[in-house]
file target11.cif (mmCIF, C-alpha atoms)
data_start
#
loop_
_atom_site.label_atom_id
_atom_site.label_comp_id
_atom_site.auth_asym_id
_atom_site.auth_seq_id
_atom_site.Cartn_x
_atom_site.Cartn_y
_atom_site.Cartn_z
CA MET A 1 -60.93 11.27 -51.41
CA ARG A 2 -57.88 10.19 -49.36
CA ALA A 3 -57.87 6.85 -51.14
CA TRP A 4 -58.04 8.50 -54.57
CA ILE A 5 -55.10 10.78 -53.76
CA ALA A 6 -53.15 7.79 -52.44
CA PHE A 7 -53.99 5.90 -55.64
CA ALA A 8 -52.81 8.87 -57.74
CA ALA A 9 -49.56 9.07 -55.76
CA GLY A 10 -49.01 5.34 -56.22
CA LEU A 11 -49.77 5.66 -59.92
CA LEU A 12 -47.23 8.49 -60.37
CA PHE A 13 -44.73 6.50 -58.35
CA GLY A 14 -45.21 3.34 -60.40
CA LEU A 15 -45.10 5.29 -63.66
CA GLY A 16 -41.84 6.92 -62.54
CA LEU A 17 -40.31 3.58 -61.56
CA SER A 18 -41.16 1.94 -64.88
CA LEU A 19 -40.17 4.98 -66.97
CA GLY A 20 -36.89 5.20 -65.06
CA GLY A 21 -35.94 1.58 -65.70
CA MET A 22 -36.31 0.52 -62.06
CA THR A 23 -38.78 -2.26 -62.93
CA GLN A 24 -35.97 -3.89 -64.94
CA PRO A 25 -33.83 -5.85 -62.48
CA ALA A 26 -31.09 -5.98 -65.13
CA VAL A 27 -30.81 -2.17 -64.90
CA VAL A 28 -30.77 -2.19 -61.09
CA LEU A 29 -28.18 -4.98 -60.90
CA GLY A 30 -26.20 -3.12 -63.58
CA PHE A 31 -26.14 -0.07 -61.30
CA LEU A 32 -24.89 -2.16 -58.38
CA ASP A 33 -22.27 -3.83 -60.60
CA ILE A 34 -19.66 -1.08 -60.32
CA PHE A 35 -16.90 -3.63 -60.99
CA GLY A 36 -18.56 -4.73 -64.26
CA ALA A 37 -20.53 -2.95 -67.02
CA TRP A 38 -21.88 -0.17 -64.81
CA ASP A 39 -25.35 1.23 -65.64
CA PRO A 40 -25.74 4.74 -64.16
CA ARG A 41 -29.50 5.09 -64.72
CA LEU A 42 -30.40 4.70 -61.06
CA VAL A 43 -28.29 7.77 -60.28
CA PHE A 44 -30.53 9.86 -62.56
CA VAL A 45 -33.68 8.40 -61.02
CA MET A 46 -32.41 9.11 -57.49
CA ALA A 47 -31.27 12.63 -58.41
CA GLY A 48 -34.61 13.53 -59.99
CA ALA A 49 -36.58 12.03 -57.12
CA VAL A 50 -34.50 13.48 -54.27
CA LEU A 51 -34.31 17.01 -55.72
CA THR A 52 -38.06 17.11 -56.50
CA THR A 53 -38.93 15.78 -53.05
CA ALA A 54 -36.51 18.15 -51.29
CA VAL A 55 -38.02 21.21 -53.01
CA GLY A 56 -41.61 20.01 -52.45
CA TYR A 57 -41.03 19.14 -48.77
CA ARG A 58 -39.42 22.55 -48.20
CA LEU A 59 -42.55 24.26 -49.53
CA LEU A 60 -44.78 22.02 -47.39
CA LEU A 61 -42.86 22.91 -44.21
CA ARG A 62 -44.48 26.36 -44.40
CA ARG A 63 -47.98 24.92 -44.32
CA PRO A 64 -49.79 24.23 -41.04
CA ARG A 65 -51.24 20.84 -42.00
CA PRO A 66 -51.88 18.53 -44.95
CA LEU A 67 -54.97 19.02 -47.11
CA LEU A 68 -56.73 15.82 -46.03
CA ALA A 69 -55.16 14.90 -42.68
CA GLU A 70 -54.68 16.30 -39.18
CA ARG A 71 -50.92 16.72 -39.31
CA PHE A 72 -47.74 16.05 -41.23
CA GLN A 73 -46.22 12.78 -40.05
CA TRP A 74 -42.56 13.64 -40.50
CA PRO A 75 -40.37 10.84 -39.10
CA VAL A 76 -39.07 11.82 -35.67
CA SER A 77 -36.69 8.98 -34.76
CA ARG A 78 -33.03 10.03 -34.54
CA ARG A 79 -31.82 6.67 -33.29
CA ILE A 80 -28.79 5.19 -35.01
CA ASP A 81 -28.47 1.61 -33.83
CA ALA A 82 -27.68 -1.97 -34.84
CA ARG A 83 -31.29 -2.46 -35.90
CA LEU A 84 -31.07 0.32 -38.50
CA VAL A 85 -27.66 -0.73 -39.82
CA GLY A 86 -28.33 -4.49 -39.69
CA GLY A 87 -31.71 -4.07 -41.37
CA ALA A 88 -30.23 -1.91 -44.12
CA ALA A 89 -27.44 -4.49 -44.62
CA LEU A 90 -29.90 -7.40 -44.97
CA PHE A 91 -32.02 -5.33 -47.34
CA GLY A 92 -28.91 -4.48 -49.40
CA ILE A 93 -27.98 -8.15 -49.71
CA GLY A 94 -31.50 -9.08 -50.84
CA TRP A 95 -31.54 -6.13 -53.25
CA GLY A 96 -28.20 -7.23 -54.70
CA ILE A 97 -29.32 -10.84 -55.17
CA ALA A 98 -32.34 -10.20 -57.39
CA GLY A 99 -32.36 -6.46 -58.19
CA TYR A 100 -35.75 -5.78 -56.62
CA CYS A 101 -36.49 -3.32 -53.82
CA PRO A 102 -40.11 -3.21 -52.54
CA GLY A 103 -41.46 -0.54 -54.94
CA PRO A 104 -40.37 -2.13 -58.21
CA ALA A 105 -41.23 -5.62 -56.91
CA LEU A 106 -44.84 -4.58 -56.25
CA ALA A 107 -45.07 -2.41 -59.37
CA SER A 108 -43.95 -5.35 -61.55
CA LEU A 109 -46.67 -7.70 -60.24
CA GLY A 110 -49.00 -6.66 -63.07
CA ALA A 111 -46.85 -8.58 -65.55
CA GLY A 112 -47.91 -11.82 -63.83
CA VAL A 113 -44.44 -13.38 -63.66
CA PRO A 114 -44.56 -16.39 -61.28
CA ALA A 115 -40.99 -15.89 -59.95
CA LEU A 116 -41.92 -12.36 -58.95
CA LEU A 117 -44.98 -13.57 -57.08
CA VAL A 118 -42.63 -15.81 -55.10
CA LEU A 119 -40.31 -12.89 -54.32
CA VAL A 120 -43.22 -10.68 -53.19
CA ALA A 121 -44.74 -13.48 -51.11
CA CYS A 122 -41.38 -14.00 -49.38
CA MET A 123 -41.02 -10.23 -48.87
CA ILE A 124 -44.42 -10.10 -47.18
CA ALA A 125 -43.42 -13.10 -45.05
CA GLY A 126 -40.24 -11.19 -44.13
CA TRP A 127 -42.24 -8.14 -43.03
CA TRP A 128 -44.46 -10.35 -40.93
CA LEU A 129 -41.54 -12.28 -39.41
CA ALA A 130 -39.60 -9.13 -38.54
CA ALA A 131 -42.64 -7.49 -36.96
CA ARG A 132 -43.54 -10.65 -35.09
CA LEU A 133 -40.14 -11.85 -33.90
CA LEU A 134 -38.28 -8.56 -33.58
CA PRO A 135 -40.89 -5.95 -32.65
CA ARG A 136 -40.00 -2.43 -31.63
CA ALA A 137 -41.82 0.66 -30.51
CA GLY A 138 -42.12 3.29 -33.24
CA GLY A 139 -42.95 3.33 -36.90
CA ASN A 140 -41.46 2.62 -40.26
CA ALA A 141 -40.03 5.17 -42.70
CA MET B 1 -36.39 9.19 -75.25
CA HIS B 2 -32.75 8.78 -74.16
CA PRO B 3 -32.54 6.27 -71.28
CA TYR B 4 -30.87 8.83 -68.99
CA LEU B 5 -33.55 11.43 -69.71
CA GLY B 6 -36.23 8.79 -69.09
CA ALA B 7 -34.53 7.94 -65.79
CA LEU B 8 -34.42 11.60 -64.76
CA CYS B 9 -38.10 12.10 -65.69
CA GLY B 10 -38.99 8.89 -63.86
CA GLY B 11 -37.21 10.22 -60.79
CA VAL B 12 -39.10 13.53 -60.99
CA LEU B 13 -42.42 11.61 -61.15
CA ILE B 14 -41.41 9.62 -58.06
CA GLY B 15 -40.58 12.90 -56.32
CA LEU B 16 -43.94 14.40 -57.31
CA ALA B 17 -45.67 11.31 -55.90
CA ALA B 18 -43.80 11.75 -52.61
CA VAL B 19 -44.73 15.45 -52.41
CA LEU B 20 -48.38 14.70 -53.26
CA LEU B 21 -48.65 12.07 -50.55
CA MET B 22 -47.17 14.42 -47.93
CA ALA B 23 -49.21 17.43 -49.10
CA ALA B 24 -52.52 15.58 -48.99
CA LEU B 25 -52.14 12.83 -46.40
CA GLY B 26 -49.10 13.97 -44.43
CA ARG B 27 -47.32 10.70 -45.10
CA ILE B 28 -43.82 9.73 -46.17
CA ALA B 29 -43.83 7.84 -49.50
CA GLY B 30 -41.90 4.83 -48.25
CA VAL B 31 -43.13 1.77 -50.12
CA SER B 32 -41.96 -0.80 -47.54
CA GLY B 33 -43.59 1.18 -44.72
CA ILE B 34 -46.86 1.75 -46.58
CA ALA B 35 -47.19 -1.83 -47.87
CA SER B 36 -45.94 -3.63 -44.74
CA GLY B 37 -48.53 -1.67 -42.76
CA LEU B 38 -51.16 -3.63 -44.70
CA VAL B 39 -49.74 -6.88 -43.35
CA VAL B 40 -48.68 -6.03 -39.82
CA GLY B 41 -50.11 -2.59 -39.04
CA GLY B 42 -53.31 -1.61 -37.32
CA ALA B 43 -56.55 -2.03 -39.22
CA SER B 44 -57.54 1.65 -39.07
CA ASP B 45 -55.66 3.10 -42.04
CA ARG B 46 -55.56 0.23 -44.51
CA THR B 47 -57.62 1.97 -47.20
CA TRP B 48 -55.10 4.60 -48.35
CA ARG B 49 -52.25 2.08 -48.09
CA LEU B 50 -54.07 -0.39 -50.33
CA ALA B 51 -54.98 2.43 -52.75
CA PHE B 52 -51.32 3.47 -52.97
CA VAL B 53 -50.18 -0.11 -53.68
CA LEU B 54 -52.87 -0.54 -56.33
CA GLY B 55 -51.73 2.72 -57.94
CA LEU B 56 -48.16 1.41 -57.87
CA LEU B 57 -49.27 -1.70 -59.77
CA ALA B 58 -51.20 0.43 -62.25
CA GLY B 59 -48.18 2.67 -63.01
CA PRO B 60 -46.43 0.34 -65.46
CA LEU B 61 -49.81 -0.48 -67.04
CA LEU B 62 -50.31 3.24 -67.67
CA LEU B 63 -46.85 3.40 -69.26
CA TRP B 64 -47.79 0.41 -71.44
CA TRP B 65 -50.98 2.23 -72.47
CA LEU B 66 -49.00 5.41 -73.26
CA ARG B 67 -46.12 3.93 -75.23
CA GLY B 68 -46.88 0.23 -75.79
CA ASP B 69 -44.19 -1.02 -73.40
CA SER B 70 -44.73 -1.41 -69.65
CA GLY B 71 -41.02 -1.17 -68.84
CA ILE B 72 -41.27 -4.32 -66.72
CA GLY B 73 -38.18 -6.47 -67.21
CA ALA B 74 -37.60 -10.17 -66.64
CA PRO B 75 -36.13 -11.60 -63.41
CA GLN B 76 -32.38 -12.19 -63.68
CA VAL B 77 -31.94 -15.03 -61.18
CA GLY B 78 -33.60 -18.38 -60.50
CA LEU B 79 -36.49 -19.13 -58.18
CA PRO B 80 -34.48 -20.04 -55.01
CA TRP B 81 -32.56 -16.75 -55.29
CA MET B 82 -35.80 -14.82 -55.83
CA ALA B 83 -37.26 -16.39 -52.69
CA LEU B 84 -34.16 -15.65 -50.60
CA ALA B 85 -33.99 -12.10 -51.96
CA GLY B 86 -37.64 -11.45 -51.08
CA LEU B 87 -37.20 -12.72 -47.54
CA LEU B 88 -34.08 -10.60 -46.93
CA VAL B 89 -35.69 -7.50 -48.46
CA GLY B 90 -38.77 -8.00 -46.27
CA ILE B 91 -36.92 -8.56 -42.99
CA GLY B 92 -34.30 -5.91 -43.76
CA THR B 93 -36.69 -3.11 -44.72
CA ARG B 94 -38.88 -3.75 -41.69
CA LEU B 95 -35.91 -3.82 -39.27
CA GLY B 96 -34.16 -0.91 -40.94
CA GLY B 97 -37.37 1.14 -41.05
CA GLY B 98 -37.38 1.80 -44.78
CA CYS B 99 -36.18 1.01 -48.27
CA THR B 100 -34.97 2.82 -51.35
CA SER B 101 -37.99 5.16 -51.29
CA GLY B 102 -38.47 5.85 -47.55
CA HIS B 103 -34.77 6.22 -46.75
CA GLY B 104 -33.23 6.67 -50.20
CA VAL B 105 -35.61 9.32 -51.57
CA CYS B 106 -37.74 10.86 -48.80
CA GLY B 107 -35.10 10.54 -46.06
CA ILE B 108 -32.23 11.94 -48.11
CA ALA B 109 -34.50 14.77 -49.30
CA ARG B 110 -34.95 15.67 -45.59
CA LEU B 111 -31.20 15.13 -44.94
CA SER B 112 -32.13 12.65 -42.20
CA PRO B 113 -28.94 11.20 -40.65
CA ARG B 114 -30.69 7.83 -40.19
CA SER B 115 -31.68 7.68 -43.84
CA LEU B 116 -28.28 8.85 -45.12
CA LEU B 117 -26.61 6.07 -43.12
CA ALA B 118 -29.18 3.41 -44.08
CA THR B 119 -28.88 4.33 -47.76
CA ALA B 120 -25.08 4.16 -47.65
CA VAL B 121 -25.28 0.76 -45.94
CA PHE B 122 -27.76 -0.84 -48.34
CA MET B 123 -25.90 0.55 -51.35
CA VAL B 124 -22.57 -0.86 -50.11
CA PHE B 125 -24.12 -4.25 -49.29
CA GLY B 126 -25.96 -4.33 -52.62
CA ILE B 127 -22.75 -3.58 -54.51
CA ALA B 128 -20.80 -6.17 -52.47
CA THR B 129 -23.49 -8.80 -53.07
CA VAL B 130 -23.48 -8.25 -56.83
CA PHE B 131 -19.68 -8.40 -56.83
CA VAL B 132 -19.61 -11.70 -54.92
CA LEU B 133 -22.44 -13.34 -56.90
CA ARG B 134 -21.45 -12.15 -60.38
CA HIS B 135 -17.70 -11.91 -60.28
CA LEU B 136 -16.72 -14.52 -57.68
CA LEU B 137 -19.47 -17.14 -57.91
CA GLY B 138 -20.74 -16.51 -61.46
CA VAL B 139 -24.43 -16.37 -60.51
CA GLY B 140 -26.81 -14.44 -62.80
CA ALA B 141 -25.71 -12.33 -65.76
#
call {"tool": "encode", "arguments": {"input": "target11.cif", "output": "structure tokens"}}
result
Amino acid sequence: MRAWIAFAAGLLFGLGLSLGGMTQPAVVLGFLDIFGAWDPRLVFVMAGAVLTTAVGYRLLLRRPRPLLAERFQWPVSRRIDARLVGGAALFGIGWGIAGYCPGPALASLGAGVPALLVLVACMIAGWWLAARLLPRAGGNA
Amino acid sequence: MHPYLGALCGGVLIGLAAVLLMAALGRIAGVSGIASGLVVGGASDRTWRLAFVLGLLAGPLLLWWLRGDSGIGAPQVGLPWMALAGLLVGIGTRLGGGCTSGHGVCGIARLSPRSLLATAVFMVFGIATVFVLRHLLGVGA
């Protein structure tokens, strides 16, 4: 049951990404190109996603526990450090190079484009390297 | 459908996915966190993570089935850039504890200071990278 709900959430997520244009790197790079022909679509995607999530989370805060788990795992870290900022900066550079963040990169795999397989393989290698070489106590958002 | 309306609807679907995952499993819908946990996390909770990623892959296929177009666009840069981008996205999202979904959507929806800062940083670095590559070096579109 947990797996089916997770699959459904992933399906909704992937449908939203592709409907919103986020699986088109040209659209994402167009959003980041504020000094060129700016494409504002990502703003609409973010607005729709953030507002929906904010309302839904607010309703969930009143509930004692999730339907299929022991507890809500809200992130608890408050730490603002070089790791957070440096990681976000590296991610931003990678995002700006090719126009893929992790969600759209994985969601686009179904198209079977070899260059994308390379990007995803390198992303997985990056996760492994960061966890292996620069480990830290605590979880991921 | 107008591209901006599609983007807004796509965003709402992403938000619904995030709310569903929290309501049922008590988990943040951060793609980098969920997927990297398959590679480097403990073996205990791999099933729901894998189910979510499979759903993510199926999302654009569902869109293709619904309207005859998956919404998956072509890569915009060459293979070496794709590889570098993947590596930076992997290392950066692991170090920074999240990506566009974990920090950008779920974190901002919770008004998390960490996520607000991380999102500002990866946006600025993404914009700067596109500016340097497109307008100074002439890479890509």
call {"tool": "resolve_selection", "arguments": {"input": "target11.cif", "expression": "the PyMOL selection byres ((chain A and resi 44-51) around 9)", "output": "VMD selection string"}}
result
(chain A and resid 16 to 17 20 to 22 40 to 43 52 to 56) or (chain B and resid 4 to 16 18 104 to 110)
call {"tool": "closest_residue", "arguments": {"input": "target11.cif", "among": "A:Phe31, A:Arg62, A:Arg136, A:Phe72", "to": "chain B", "atoms": "all atoms listed in the file"}}
result
A:Phe72
call {"tool": "resolve_selection", "arguments": {"input": "target11.cif", "expression": "the PyMOL selection byres ((chain B and resi 36-51) around 9)", "output": "list in words"}}
result
Arg2, Ala3, Trp4, Ile5, Ala6, Phe7, Ala8, Gly10, Ile124, Trp127, Trp128, Ala131, Arg132 and Asn140 of chain A; Leu25, Val31, Ser32, Gly33, Ile34, Ala35, Phe52, Val53, Leu54, Gly55, Leu56, Gly90 and Arg94 of chain B
call {"tool": "residues_around", "arguments": {"input": "target11.cif", "residues": "Ala24 in chain B", "least_positions_apart": "6", "cutoff": "7 Å", "atoms": "only C-alpha atoms", "output": "PyMOL selection string"}}
result
chain A and resi 66-69
call {"tool": "resolve_selection", "arguments": {"input": "target11.cif", "expression": "the PyMOL selection byres ((chain B and resi 129) around 8)", "output": "MDAnalysis selection string"}}
result
(chainID A and resid 92:93 96:97) or (chainID B and resid 125:128 130:133)
call {"tool": "closest_residue", "arguments": {"input": "target11.cif", "among": "A:Met1, A:Ala107, A:Leu134, A:Val76", "to": "chain B", "atoms": "only C-alpha atoms"}}
result
A:Ala107
call {"tool": "closest_residue", "arguments": {"input": "target11.cif", "among": "B:Thr100, B:Ala58, B:Leu79, B:Trp65", "to": "Leu11 in chain A", "atoms": "all atoms listed in the file"}}
result
B:Ala58
call {"tool": "residues_around", "arguments": {"input": "target11.cif", "residues": "Tyr100 in chain A", "least_positions_apart": "5", "cutoff": "7 Å", "atoms": "all atoms listed in the file", "output": "list of chain:residue names"}}
result
A:Pro25, A:Trp95, A:Ala105
call {"tool": "atom_distance", "arguments": {"input": "target11.cif", "atom1": "CA of Gly110 in chain A", "atom2": "CA of Ile72 in chain B"}}
result
8.9 Å
call {"tool": "closest_residue", "arguments": {"input": "target11.cif", "among": "B:Met1, B:Val77, B:Ala17, B:Val139", "to": "Leu15 in chain A", "atoms": "all atoms listed in the file"}}
result
B:Ala17
call {"tool": "closest_residue", "arguments": {"input": "target11.cif", "among": "B:Ala29, B:Leu57, B:Leu116, B:Leu137", "to": "chain A", "atoms": "all atoms listed in the file"}}
result
B:Leu57
call {"tool": "atom_distance", "arguments": {"input": "target11.cif", "atom1": "CA of Leu29 in chain A", "atom2": "CA of Leu21 in chain B"}}
result
28.6 Å
call {"tool": "axis_aligned_box", "arguments": {"input": "target11.cif", "around": "range 41-49 of chain A", "padding_each_side": "3 Å", "output": "AutoDock Vina command-line options"}}
result
--center_x -32.4 --center_y 9.1 --center_z -60.9 --size_x 14.3 --size_y 14.8 --size_z 13.6
call {"tool": "atom_distance", "arguments": {"input": "target11.cif", "atom1": "CA of Ala115 in chain A", "atom2": "CA of Pro80 in chain B"}}
result
9.2 Å
call {"tool": "closest_residue", "arguments": {"input": "target11.cif", "among": "A:Leu119, A:Val113, A:Val28, A:Leu59", "to": "chain B", "atoms": "all atoms listed in the file"}}
result
A:Leu119
